[in-house]
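These notes are about the structure you will find just below.
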Amino acid sequence: MRLYLVERDDDGNARCNGCGWRVSNIYLMADSREQAEKLHKELEGGLCSNCICELLMQEGYEIIKPKNKWKEITDIDELKEGMIVKDETGRQGVIIGIMKDRLEVIWKGASYSETVHISYLESYLVEKEEEGGR
Ligand SMILES: [Zn+2]
C-alpha cells in the first residue's frame with residue numbers, strides 16, 4: 001500500500017473524514033493511484049495529514065524507501081554489454097556493443113540498433129545490479 005494525495009484544495013475546503021476539519025490536502029492509502037481515486041470518489045473519503053499520521057502510528061506501519069534502481073554512469077569502463085541504459089528523455093535500451101567512444105544500443109520497441117557517442121554518457125543511467133538478496 002502507498003499513500004496518495006487524492007484531493008487538493010488550496011482554499012482549504014477539503015473535508016477530512018476523520019476529524020471533520022476543512023484542510024488543503026486529503027490523503028488515502030491504497031494499492032494504486034486508480035484505487036485511491038476510486039475509493040475517494042465512492043466513499044467521499046480520505047484523511048488530513050494529521051489523521052493519516054495518527055492512523056499510521058496506531059497501526060504500526062513501517063515506511064520503506066523504494067530502492068533506486070538507476071545509477072548514473074560517468075565512466076565507460078563501468079559499462080558492459082547487456083546492461084540496460086536510459087537516456088535523459090527516459091527512453092530505455094540494451095547495450096549490445098561497446099566501441100572506443102561509442103555504444104551500440106537497441107532502444108525498447110525499436111527494431112534496429114543505434115550507435116550513440118559516449119559524449120552523451122553523463123546523461124545515461126544504468127540499471128543497478130542487485131546487491132545480494134533483498
Ligand atoms: Zn483529520
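Residue numbering restarts at 1 for every chain of the C-alpha cells, chains are lettered A, B, ... in their displayed order, and ligands are numbered from 1 as they appear.
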
Protein and nucleic acid residues within 7 Å of ligand 1 (only C-alpha atoms and all ligand atoms) as a ChimeraX atom specification: /A:16-21,47-51

Got time to write the residues from that selection, N, CA and C atoms, as a PDB file, in the first residue's frame?
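again-v1.pdb was written with the following content:
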ATOM      1  N   CYS A  16     -11.808  16.509   5.967  1.00  0.00           N
ATOM      2  CA  CYS A  16     -11.218  15.272   6.465  1.00  0.00           C
ATOM      3  C   CYS A  16     -12.301  14.383   7.028  1.00  0.00           C
ATOM      4  N   ASN A  17     -12.298  13.095   6.633  1.00  0.00           N
ATOM      5  CA  ASN A  17     -13.298  12.153   7.130  1.00  0.00           C
ATOM      6  C   ASN A  17     -13.023  11.697   8.557  1.00  0.00           C
ATOM      7  N   GLY A  18     -11.832  12.019   9.065  1.00  0.00           N
ATOM      8  CA  GLY A  18     -11.515  11.626  10.435  1.00  0.00           C
ATOM      9  C   GLY A  18     -11.982  12.678  11.423  1.00  0.00           C
ATOM     10  N   CYS A  19     -11.329  13.824  11.391  1.00  0.00           N
ATOM     11  CA  CYS A  19     -11.602  14.861  12.393  1.00  0.00           C
ATOM     12  C   CYS A  19     -12.675  15.850  11.948  1.00  0.00           C
ATOM     13  N   GLY A  20     -13.005  15.833  10.631  1.00  0.00           N
ATOM     14  CA  GLY A  20     -14.036  16.720  10.131  1.00  0.00           C
ATOM     15  C   GLY A  20     -13.566  18.137   9.825  1.00  0.00           C
ATOM     16  N   TRP A  21     -12.294  18.407  10.056  1.00  0.00           N
ATOM     17  CA  TRP A  21     -11.771  19.743   9.753  1.00  0.00           C
ATOM     18  C   TRP A  21     -11.677  19.958   8.259  1.00  0.00           C
ATOM     19  N   LEU A  47      -8.223  11.327   4.552  1.00  0.00           N
ATOM     20  CA  LEU A  47      -7.856  11.926   5.823  1.00  0.00           C
ATOM     21  C   LEU A  47      -6.886  13.097   5.648  1.00  0.00           C
ATOM     22  N   CYS A  48      -6.897  14.005   6.603  1.00  0.00           N
ATOM     23  CA  CYS A  48      -5.938  15.100   6.603  1.00  0.00           C
ATOM     24  C   CYS A  48      -4.577  14.557   7.042  1.00  0.00           C
ATOM     25  N   SER A  49      -3.543  15.355   6.899  1.00  0.00           N
ATOM     26  CA  SER A  49      -2.194  14.872   7.230  1.00  0.00           C
ATOM     27  C   SER A  49      -2.105  14.444   8.696  1.00  0.00           C
ATOM     28  N   ASN A  50      -2.768  15.182   9.554  1.00  0.00           N
ATOM     29  CA  ASN A  50      -2.755  14.860  10.975  1.00  0.00           C
ATOM     30  C   ASN A  50      -3.371  13.481  11.240  1.00  0.00           C
ATOM     31  N   CYS A  51      -4.545  13.250  10.659  1.00  0.00           N
ATOM     32  CA  CYS A  51      -5.254  11.994  10.892  1.00  0.00           C
ATOM     33  C   CYS A  51      -4.544  10.818  10.229  1.00  0.00           C
TER      34      CYS A  51
END

Strand (DSSP E) call set, DSSP backbone run, chain A, as a ChimeraX atom specification: /A:2-8,14-15,22-23,25-30,70-72,84-86,92-98,102-107,114-117,125-127

Write out the residues from the selection above, keeping N, CA and C atoms, as a tab-separated table (two decimals), in the first residue's frame.
chain	number	residue	atom	x	y	z
A	2	ARG	N	0.33	2.26	-0.63
A	2	ARG	CA	1.02	3.54	-0.64
A	2	ARG	C	0.06	4.65	-0.26
A	3	LEU	N	0.68	5.76	0.07
A	3	LEU	CA	-0.08	6.94	0.43
A	3	LEU	C	-0.29	7.79	-0.81
A	4	TYR	N	-1.53	8.19	-1.04
A	4	TYR	CA	-1.81	9.03	-2.21
A	4	TYR	C	-2.50	10.32	-1.78
A	5	LEU	N	-2.13	11.39	-2.43
A	5	LEU	CA	-2.84	12.66	-2.27
A	5	LEU	C	-4.02	12.60	-3.22
A	6	VAL	N	-5.24	12.60	-2.69
A	6	VAL	CA	-6.40	12.41	-3.55
A	6	VAL	C	-7.22	13.68	-3.74
A	7	GLU	N	-6.94	14.68	-2.93
A	7	GLU	CA	-7.66	15.93	-3.11
A	7	GLU	C	-6.79	17.07	-2.65
A	8	ARG	N	-6.78	18.12	-3.45
A	8	ARG	CA	-6.01	19.30	-3.09
A	8	ARG	C	-6.88	20.52	-3.29
A	14	ALA	N	-11.31	21.21	1.63
A	14	ALA	CA	-11.49	19.76	1.56
A	14	ALA	C	-11.75	19.26	2.97
A	15	ARG	N	-12.72	18.36	3.11
A	15	ARG	CA	-13.07	17.91	4.46
A	15	ARG	C	-12.44	16.56	4.80
A	22	ARG	N	-11.72	21.23	7.87
A	22	ARG	CA	-11.51	21.57	6.47
A	22	ARG	C	-10.03	21.89	6.28
A	23	VAL	N	-9.44	21.21	5.31
A	23	VAL	CA	-7.99	21.29	5.11
A	23	VAL	C	-7.67	21.43	3.61
A	25	ASN	N	-5.16	19.39	1.99
A	25	ASN	CA	-4.76	18.11	1.38
A	25	ASN	C	-5.45	16.93	2.05
A	26	ILE	N	-5.98	16.04	1.20
A	26	ILE	CA	-6.63	14.83	1.69
A	26	ILE	C	-5.86	13.62	1.15
A	27	TYR	N	-5.53	12.71	2.06
A	27	TYR	CA	-4.74	11.52	1.70
A	27	TYR	C	-5.53	10.24	1.89
A	28	LEU	N	-5.13	9.23	1.13
A	28	LEU	CA	-5.74	7.91	1.23
A	28	LEU	C	-4.66	6.85	1.03
A	29	MET	N	-4.79	5.71	1.69
A	29	MET	CA	-3.87	4.60	1.45
A	29	MET	C	-4.55	3.60	0.53
A	30	ALA	N	-3.82	3.19	-0.52
A	30	ALA	CA	-4.38	2.24	-1.48
A	30	ALA	C	-3.24	1.52	-2.17
A	70	TRP	N	18.44	2.95	-10.53
A	70	TRP	CA	19.24	3.54	-11.59
A	70	TRP	C	20.45	4.26	-11.02
A	71	LYS	N	21.55	4.05	-11.70
A	71	LYS	CA	22.81	4.63	-11.26
A	71	LYS	C	23.40	5.41	-12.43
A	72	GLU	N	23.85	6.60	-12.15
A	72	GLU	CA	24.41	7.41	-13.23
A	72	GLU	C	25.83	6.95	-13.55
A	84	ILE	N	21.19	-2.35	-19.09
A	84	ILE	CA	20.09	-1.51	-19.56
A	84	ILE	C	20.46	-0.05	-19.30
A	85	VAL	N	20.34	0.75	-20.32
A	85	VAL	CA	20.64	2.17	-20.16
A	85	VAL	C	19.38	2.99	-20.41
A	86	LYS	N	19.42	4.18	-19.85
A	86	LYS	CA	18.29	5.09	-20.02
A	86	LYS	C	18.87	6.44	-20.36
A	92	GLN	N	14.51	3.70	-22.75
A	92	GLN	CA	15.36	2.63	-22.26
A	92	GLN	C	15.84	1.73	-23.38
A	93	GLY	N	17.05	1.24	-23.23
A	93	GLY	CA	17.59	0.36	-24.25
A	93	GLY	C	18.64	-0.57	-23.66
A	94	VAL	N	19.07	-1.54	-24.47
A	94	VAL	CA	20.07	-2.51	-24.04
A	94	VAL	C	21.35	-2.28	-24.83
A	95	ILE	N	22.49	-2.30	-24.14
A	95	ILE	CA	23.78	-2.16	-24.81
A	95	ILE	C	24.10	-3.49	-25.50
A	96	ILE	N	24.35	-3.43	-26.79
A	96	ILE	CA	24.73	-4.67	-27.48
A	96	ILE	C	26.17	-4.60	-27.99
A	97	GLY	N	26.78	-3.44	-27.85
A	97	GLY	CA	28.17	-3.34	-28.29
A	97	GLY	C	28.83	-2.11	-27.70
A	98	ILE	N	30.11	-2.26	-27.38
A	98	ILE	CA	30.86	-1.13	-26.85
A	98	ILE	C	32.11	-0.94	-27.72
A	102	ARG	N	31.92	4.85	-28.58
A	102	ARG	CA	30.52	4.70	-28.97
A	102	ARG	C	29.89	3.47	-28.34
A	103	LEU	N	28.60	3.57	-28.19
A	103	LEU	CA	27.83	2.42	-27.71
A	103	LEU	C	26.83	2.03	-28.77
A	104	GLU	N	26.62	0.75	-28.91
A	104	GLU	CA	25.54	0.32	-29.78
A	104	GLU	C	24.38	-0.11	-28.89
A	105	VAL	N	23.26	0.52	-29.11
A	105	VAL	CA	22.11	0.32	-28.22
A	105	VAL	C	20.88	-0.01	-29.04
A	106	ILE	N	20.10	-0.96	-28.54
A	106	ILE	CA	18.77	-1.19	-29.12
A	106	ILE	C	17.76	-0.59	-28.15
A	107	TRP	N	17.08	0.43	-28.58
A	107	TRP	CA	16.07	1.07	-27.72
A	107	TRP	C	14.82	0.22	-27.69
A	114	GLU	N	21.15	1.45	-32.58
A	114	GLU	CA	21.57	2.81	-32.83
A	114	GLU	C	22.95	2.99	-32.20
A	115	THR	N	23.82	3.68	-32.88
A	115	THR	CA	25.14	3.95	-32.32
A	115	THR	C	25.11	5.31	-31.65
A	116	VAL	N	25.53	5.31	-30.40
A	116	VAL	CA	25.44	6.52	-29.59
A	116	VAL	C	26.84	6.92	-29.14
A	117	HIS	N	27.19	8.14	-29.36
A	117	HIS	CA	28.51	8.61	-28.96
A	117	HIS	C	28.57	8.79	-27.43
A	125	LEU	N	21.95	6.51	-17.65
A	125	LEU	CA	21.81	5.83	-16.37
A	125	LEU	C	21.78	4.34	-16.63
A	126	VAL	N	22.34	3.62	-15.70
A	126	VAL	CA	22.40	2.17	-15.87
A	126	VAL	C	21.63	1.52	-14.74
A	127	GLU	N	20.96	0.44	-15.07
A	127	GLU	CA	20.22	-0.27	-14.03
A	127	GLU	C	21.21	-0.92	-13.08

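Distance-wise, CA of Glu88 in chain A and CA of Ser111 in chain A end up 20.8 Å apart.
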
Chain A: residues DSSP assigns to helix (DSSP H, G or I), reported as a PyMOL selection string: chain A and resi 33-43+49-59+76-78+118-123
